[in-house]
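Working notes for the structure below.
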There are 2 protein chains.
Amino acid sequence: MTGIRMVGFDADDTLWRSEDYFDAAQKEFERIIATYVELDDVRARLYAIEKNNIALFGYGVKGMVLSMIEAAVEITSSRISATHLHRIVGLGKELLAHPVELLPHVPEAVEAIAAEHDIVLITKGDLFHQEAKVKQCGLADLFRRIEIVSEKDPSTYTRLLEEFGLPAEQFVMIGNSLRSDIAPVLELGGWGVHVPYHLTWAHEAEATVAVDAPRLRVVGRADELPVAVQAIATEALESGAGTL
Amino acid sequence: MTGIRMVGFDADDTLWRSEDYFDAAQKEFERIIATYVELDDVRARLYAIEKNNIALFGYGVKGMVLSMIEAAVEITSSRISATHLHRIVGLGKELLAHPVELLPHVPEAVEAIAAEHDIVLITKGDLFHQEAKVKQCGLADLFRRIEIVSEKDPSTYTRLLEEFGLPAEQFVMIGNSLRSDIAPVLELGGWGVHVPYHLTWAHEAEATVAVDAPRLRVVGRADELPVAVQAIATEALESGAGTL
């Protein structure tokens with residue numbers, strides 16, 4: 001009878017700050033490189049190496065740091081000092097140890113949606129770091145399941161929906177990444193609520209979804225989420241998703 | 001009615017070779033360090049740093065490489081070259097890209113046990129690397145579930161057994177690590193089959209279990225596993241585990 005039976009939340013940059021810290025680490029990386037060589041495309045060169053390493057490293061801080069070390073050696077023609085490379089490892093350690101900072105209105109929004117629907121957390125990246133953040137965030141008990149996955153693509157969402165025993169038409173995904181949270185779920189026939197974040201890693205920006213795509217809502221802040229999910233639930237009910 | 005309802009397998013150094021590659025990488029690390037400083041405790045110093053970083057990095061290749069870089073800078077008093085530090089990152093990349101090599105008799109043993117019991121794979125470490133190895137090993141379809149966890153301690157096994165809907169008395173864990181595979185399962189009241197591997201990382205060796213502990217079998221090779229599990233199943237049935 002109900003049109004929507006489950007709501008998924010992304011974590012990094014949807015529930016809590018993340019890209020800000022990555023961005024600060026990359027700026028510090030650029031400052032270190034600038035003491036060796038003057039270039040205006042350091043970040044693009046770093047991203048090229050990161051992208052090339054994703055198939056081997058996956059996502060997360062540790063892979064980023066290893067790519068930074070590779071990039072630093074290449075860009076400086078091996079002139080970079082051990083002290084500076086050590087500092088780059090230190091940037092990663094600071095990032096991993098950073099306390100979780102929830103985004104404004106997130107706890108109320110998550111609680112309001114959890115009061116109406118089963119909710120799950122679906123996040124990608126480093127298992128150890130994501131688990132640590134989930135434990136710290138104080139919202140873990142609201143989620144029926146915590147899914148830490150290595151990639152958020154249609155095949156991952158298909159597997160999760162099978163495990164949840166749910167057709168895509170009864171599932172809404174909330175997140176900041178068009179590439180990872182919205183596009184694959186819409187493709188499968190599910191619903192999406194896009195909450196853009198003020199910073200987006202180049203990799204996550206590599207997707208296009210029309211703002212007027214069917215089954216998509218866009219909201220500016222977390223406190224608009226409960227109403228957006230409610231509107232989707234009503235529309236899904238009217239379109240008969242519950243009767244599939 | 002049945003005494004044993006599920007059998008868990010560890011992966012690294014139980015199903016396929018792993019520590020050999022880590023060991024080779026550490027030997028190469030020692031050779032690099034030896035070009036800067038003559039010390040006979042390089043590996044112990046590296047392990048001290050790795051152990052210190054586990055709470056931040058978790059397990060796996062990427063964390064090991066980051067600890068190696070830290071150790072190399074510290075041990076050489078920052079004299080190590082960028083080229084050598086780059087080579088250390090390269091050691092990690094080679095390790096991550098290494099093809100999966102199943103241990104002798106593993107496919108037949110896993111198939112024989114899967115013919116009698118539900119089996120699950122429980123492995124710890126890097127999500128991305130472990131998933132890649134599981135995909136490659138050719139046995140994934142035999143397992144009812146693949147569980148990649150960040151730590152293998154009593155609380156992790158308690159959570160998994162709850163998810164499986166199983167009392168510990170009806171569960172057997174097979175693995176090479178006393179610390180991660182055997183001790184926590186015995187502690188919960190489950191059964192263990194220890195298959196020692198010829199190499200053991202210092203961290204995994206940090207546990208003691210009496211060889212005559214109740215509910216423990218020790219076998220020398222994978223082809224002895226089906227008989228050991230069968231013997232446990234019989235003993236569990238006689239001790240009434242199925243009636244709990």
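Every chain in the structure tokens takes a letter, A first, then B, and so on in the order presented; its residues are numbered from 1, and the ligands are numbered from 1 following the presented order.
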
**OP:** Hey, list the chain A side of the contact with chain B: 8 Å cut-off, only C-alpha atoms, answer as a PyMOL selection string.
**Re:** chain A and resi 56-58+62-63+66+69-70+73+78-83+85-86+89+93+96-97+126-129+149-150

Could you write out that same residue set with N, CA and C atoms as a PDB file, in the first residue's frame?
```pdb
ATOM      1  N   LEU A  56      43.104   0.311  -8.113  1.00  0.00           N
ATOM      2  CA  LEU A  56      43.983  -0.437  -7.215  1.00  0.00           C
ATOM      3  C   LEU A  56      43.740  -0.043  -5.754  1.00  0.00           C
ATOM      4  N   PHE A  57      43.524   1.240  -5.502  1.00  0.00           N
ATOM      5  CA  PHE A  57      43.416   1.742  -4.129  1.00  0.00           C
ATOM      6  C   PHE A  57      41.969   1.849  -3.645  1.00  0.00           C
ATOM      7  N   GLY A  58      41.010   1.991  -4.557  1.00  0.00           N
ATOM      8  CA  GLY A  58      39.660   2.323  -4.120  1.00  0.00           C
ATOM      9  C   GLY A  58      39.621   3.751  -3.597  1.00  0.00           C
ATOM     10  N   LYS A  62      43.607   6.911   2.752  1.00  0.00           N
ATOM     11  CA  LYS A  62      44.909   6.260   2.591  1.00  0.00           C
ATOM     12  C   LYS A  62      45.330   6.209   1.126  1.00  0.00           C
ATOM     13  N   GLY A  63      44.383   5.899   0.250  1.00  0.00           N
ATOM     14  CA  GLY A  63      44.691   5.884  -1.182  1.00  0.00           C
ATOM     15  C   GLY A  63      45.052   7.281  -1.675  1.00  0.00           C
ATOM     16  N   LEU A  66      48.666   7.997  -0.672  1.00  0.00           N
ATOM     17  CA  LEU A  66      49.624   7.269  -1.516  1.00  0.00           C
ATOM     18  C   LEU A  66      49.718   7.925  -2.893  1.00  0.00           C
ATOM     19  N   ILE A  69      51.813  11.056  -2.608  1.00  0.00           N
ATOM     20  CA  ILE A  69      53.255  10.792  -2.558  1.00  0.00           C
ATOM     21  C   ILE A  69      53.780  10.530  -3.966  1.00  0.00           C
ATOM     22  N   GLU A  70      53.056   9.690  -4.700  1.00  0.00           N
ATOM     23  CA  GLU A  70      53.440   9.435  -6.093  1.00  0.00           C
ATOM     24  C   GLU A  70      53.504  10.728  -6.893  1.00  0.00           C
ATOM     25  N   VAL A  73      56.481  13.044  -5.929  1.00  0.00           N
ATOM     26  CA  VAL A  73      57.772  12.582  -6.456  1.00  0.00           C
ATOM     27  C   VAL A  73      57.849  12.895  -7.948  1.00  0.00           C
ATOM     28  N   SER A  78      61.571  13.928  -8.332  1.00  0.00           N
ATOM     29  CA  SER A  78      62.229  13.242  -7.200  1.00  0.00           C
ATOM     30  C   SER A  78      63.038  14.168  -6.301  1.00  0.00           C
ATOM     31  N   ARG A  79      62.813  15.488  -6.399  1.00  0.00           N
ATOM     32  CA  ARG A  79      63.576  16.397  -5.549  1.00  0.00           C
ATOM     33  C   ARG A  79      62.937  16.600  -4.180  1.00  0.00           C
ATOM     34  N   ILE A  80      61.707  16.170  -3.998  1.00  0.00           N
ATOM     35  CA  ILE A  80      61.009  16.432  -2.723  1.00  0.00           C
ATOM     36  C   ILE A  80      61.723  15.722  -1.562  1.00  0.00           C
ATOM     37  N   SER A  81      61.760  16.382  -0.409  1.00  0.00           N
ATOM     38  CA  SER A  81      62.491  15.842   0.748  1.00  0.00           C
ATOM     39  C   SER A  81      61.665  14.806   1.501  1.00  0.00           C
ATOM     40  N   ALA A  82      62.380  13.947   2.221  1.00  0.00           N
ATOM     41  CA  ALA A  82      61.711  12.960   3.077  1.00  0.00           C
ATOM     42  C   ALA A  82      60.817  13.664   4.097  1.00  0.00           C
ATOM     43  N   THR A  83      61.270  14.810   4.595  1.00  0.00           N
ATOM     44  CA  THR A  83      60.485  15.546   5.589  1.00  0.00           C
ATOM     45  C   THR A  83      59.142  15.982   5.005  1.00  0.00           C
ATOM     46  N   LEU A  85      57.601  14.567   2.419  1.00  0.00           N
ATOM     47  CA  LEU A  85      56.772  13.375   2.162  1.00  0.00           C
ATOM     48  C   LEU A  85      56.184  12.855   3.477  1.00  0.00           C
ATOM     49  N   HIS A  86      56.953  12.955   4.540  1.00  0.00           N
ATOM     50  CA  HIS A  86      56.454  12.584   5.861  1.00  0.00           C
ATOM     51  C   HIS A  86      55.269  13.482   6.247  1.00  0.00           C
ATOM     52  N   VAL A  89      52.118  12.274   4.678  1.00  0.00           N
ATOM     53  CA  VAL A  89      51.510  11.177   5.465  1.00  0.00           C
ATOM     54  C   VAL A  89      50.785  11.771   6.671  1.00  0.00           C
ATOM     55  N   LYS A  93      46.945  11.424   8.284  1.00  0.00           N
ATOM     56  CA  LYS A  93      46.634  11.026   9.662  1.00  0.00           C
ATOM     57  C   LYS A  93      45.710  12.050  10.328  1.00  0.00           C
ATOM     58  N   LEU A  96      42.225  11.468   9.005  1.00  0.00           N
ATOM     59  CA  LEU A  96      41.587  10.274   9.576  1.00  0.00           C
ATOM     60  C   LEU A  96      41.157  10.499  11.021  1.00  0.00           C
ATOM     61  N   ALA A  97      41.884  11.376  11.725  1.00  0.00           N
ATOM     62  CA  ALA A  97      41.593  11.581  13.145  1.00  0.00           C
ATOM     63  C   ALA A  97      40.604  12.721  13.372  1.00  0.00           C
ATOM     64  N   ASP A 126      36.795   3.896   2.712  1.00  0.00           N
ATOM     65  CA  ASP A 126      37.585   3.033   3.560  1.00  0.00           C
ATOM     66  C   ASP A 126      36.731   2.483   4.707  1.00  0.00           C
ATOM     67  N   LEU A 127      36.666   1.149   4.801  1.00  0.00           N
ATOM     68  CA  LEU A 127      35.830   0.478   5.801  1.00  0.00           C
ATOM     69  C   LEU A 127      36.123   0.985   7.207  1.00  0.00           C
ATOM     70  N   PHE A 128      37.397   1.020   7.549  1.00  0.00           N
ATOM     71  CA  PHE A 128      37.812   1.361   8.903  1.00  0.00           C
ATOM     72  C   PHE A 128      37.450   2.801   9.254  1.00  0.00           C
ATOM     73  N   HIS A 129      37.745   3.735   8.325  1.00  0.00           N
ATOM     74  CA  HIS A 129      37.473   5.145   8.579  1.00  0.00           C
ATOM     75  C   HIS A 129      35.967   5.417   8.607  1.00  0.00           C
ATOM     76  N   VAL A 149      30.342   0.304   1.237  1.00  0.00           N
ATOM     77  CA  VAL A 149      30.574  -0.387  -0.032  1.00  0.00           C
ATOM     78  C   VAL A 149      31.815   0.191  -0.705  1.00  0.00           C
ATOM     79  N   SER A 150      32.356  -0.554  -1.662  1.00  0.00           N
ATOM     80  CA  SER A 150      33.590  -0.106  -2.312  1.00  0.00           C
ATOM     81  C   SER A 150      33.292   0.788  -3.503  1.00  0.00           C
TER      82      SER A 150
END
```

Run DSSP on the backbone of this structure and report the residues of range 151-228 of chain B it assigns to alpha helix (DSSP H), as a short mmCIF file (atom, residue, chain, number, x, y, z; two decimals) with N, CA and C atoms, in the first residue's frame.
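Printed below is selection-v4.cif as written:
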```cif
data_model
loop_
_atom_site.label_atom_id
_atom_site.label_comp_id
_atom_site.auth_asym_id
_atom_site.auth_seq_id
_atom_site.Cartn_x
_atom_site.Cartn_y
_atom_site.Cartn_z
N PRO B 154 35.71 -10.66 19.51
CA PRO B 154 34.44 -11.24 19.96
C PRO B 154 33.22 -10.39 19.58
N SER B 155 33.35 -9.06 19.60
CA SER B 155 32.15 -8.27 19.31
C SER B 155 31.76 -8.37 17.83
N THR B 156 32.76 -8.47 16.95
CA THR B 156 32.43 -8.66 15.53
C THR B 156 31.75 -10.01 15.31
N TYR B 157 32.31 -11.09 15.90
CA TYR B 157 31.69 -12.41 15.73
C TYR B 157 30.29 -12.45 16.36
N THR B 158 30.11 -11.75 17.48
CA THR B 158 28.78 -11.71 18.10
C THR B 158 27.77 -11.07 17.15
N ARG B 159 28.17 -9.95 16.53
CA ARG B 159 27.29 -9.26 15.58
C ARG B 159 26.97 -10.18 14.39
N LEU B 160 28.01 -10.83 13.84
CA LEU B 160 27.78 -11.70 12.67
C LEU B 160 26.86 -12.86 13.03
N LEU B 161 27.09 -13.50 14.19
CA LEU B 161 26.25 -14.64 14.58
C LEU B 161 24.80 -14.19 14.77
N GLU B 162 24.62 -12.98 15.29
CA GLU B 162 23.26 -12.45 15.41
C GLU B 162 22.63 -12.29 14.03
N GLU B 163 23.41 -11.75 13.09
CA GLU B 163 22.88 -11.58 11.73
C GLU B 163 22.57 -12.93 11.08
N PHE B 164 23.42 -13.95 11.38
CA PHE B 164 23.16 -15.28 10.83
C PHE B 164 22.02 -15.98 11.59
N ALA B 183 40.68 -17.76 18.72
CA ALA B 183 40.45 -17.36 20.11
C ALA B 183 39.08 -16.69 20.33
N PRO B 184 38.68 -15.71 19.50
CA PRO B 184 37.39 -15.05 19.79
C PRO B 184 36.19 -15.97 19.62
N VAL B 185 36.27 -16.92 18.68
CA VAL B 185 35.14 -17.84 18.44
C VAL B 185 35.04 -18.85 19.59
N LEU B 186 36.20 -19.37 20.02
CA LEU B 186 36.18 -20.28 21.19
C LEU B 186 35.63 -19.56 22.41
N GLU B 187 36.05 -18.31 22.58
CA GLU B 187 35.61 -17.52 23.74
C GLU B 187 34.08 -17.40 23.78
N LEU B 188 33.46 -17.29 22.59
CA LEU B 188 32.00 -17.14 22.54
C LEU B 188 31.27 -18.48 22.68
N LEU B 225 40.69 -30.60 6.22
CA LEU B 225 39.59 -29.81 6.79
C LEU B 225 38.24 -30.52 6.80
N PRO B 226 37.83 -31.16 5.69
CA PRO B 226 36.49 -31.78 5.72
C PRO B 226 36.33 -32.79 6.85
N VAL B 227 37.36 -33.61 7.08
CA VAL B 227 37.27 -34.61 8.16
C VAL B 227 37.20 -33.91 9.52
N ALA B 228 37.99 -32.86 9.71
CA ALA B 228 37.99 -32.14 10.99
C ALA B 228 36.61 -31.53 11.25
#
```

Original post:
Quick one, how far is CA of Arg144 in chain B from CA of Asp141 in chain A?
Top reply: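 We find that CA of Arg144 in chain B and CA of Asp141 in chain A lie 26.5 Å from each other.
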
**OP:** Using only C-alpha atoms, determine which residues lie at most 12 Å from Ile146 in chain A, disregarding the query and same-chain residues fewer than 5 positions distant; provide the list as a ChimeraX atom specification.
**Re:** /A:8-11,119-124,127,130-131,133-135,139-141,160,164

Original post:
Which of these, B:Leu15, B:Met173, B:Leu178, B:Ile33, has the shortest distance to Glu108 in chain B once you count only C-alpha atoms?
Top reply: B:Leu15

Original post:
If you run DSSP on this backbone, which residues of range 5-224 of chain A come out as strand (DSSP E), and could you give them as a ChimeraX atom specification?
Top reply: /A:6-9,118-124,145-149,171-175,191-194,216-218
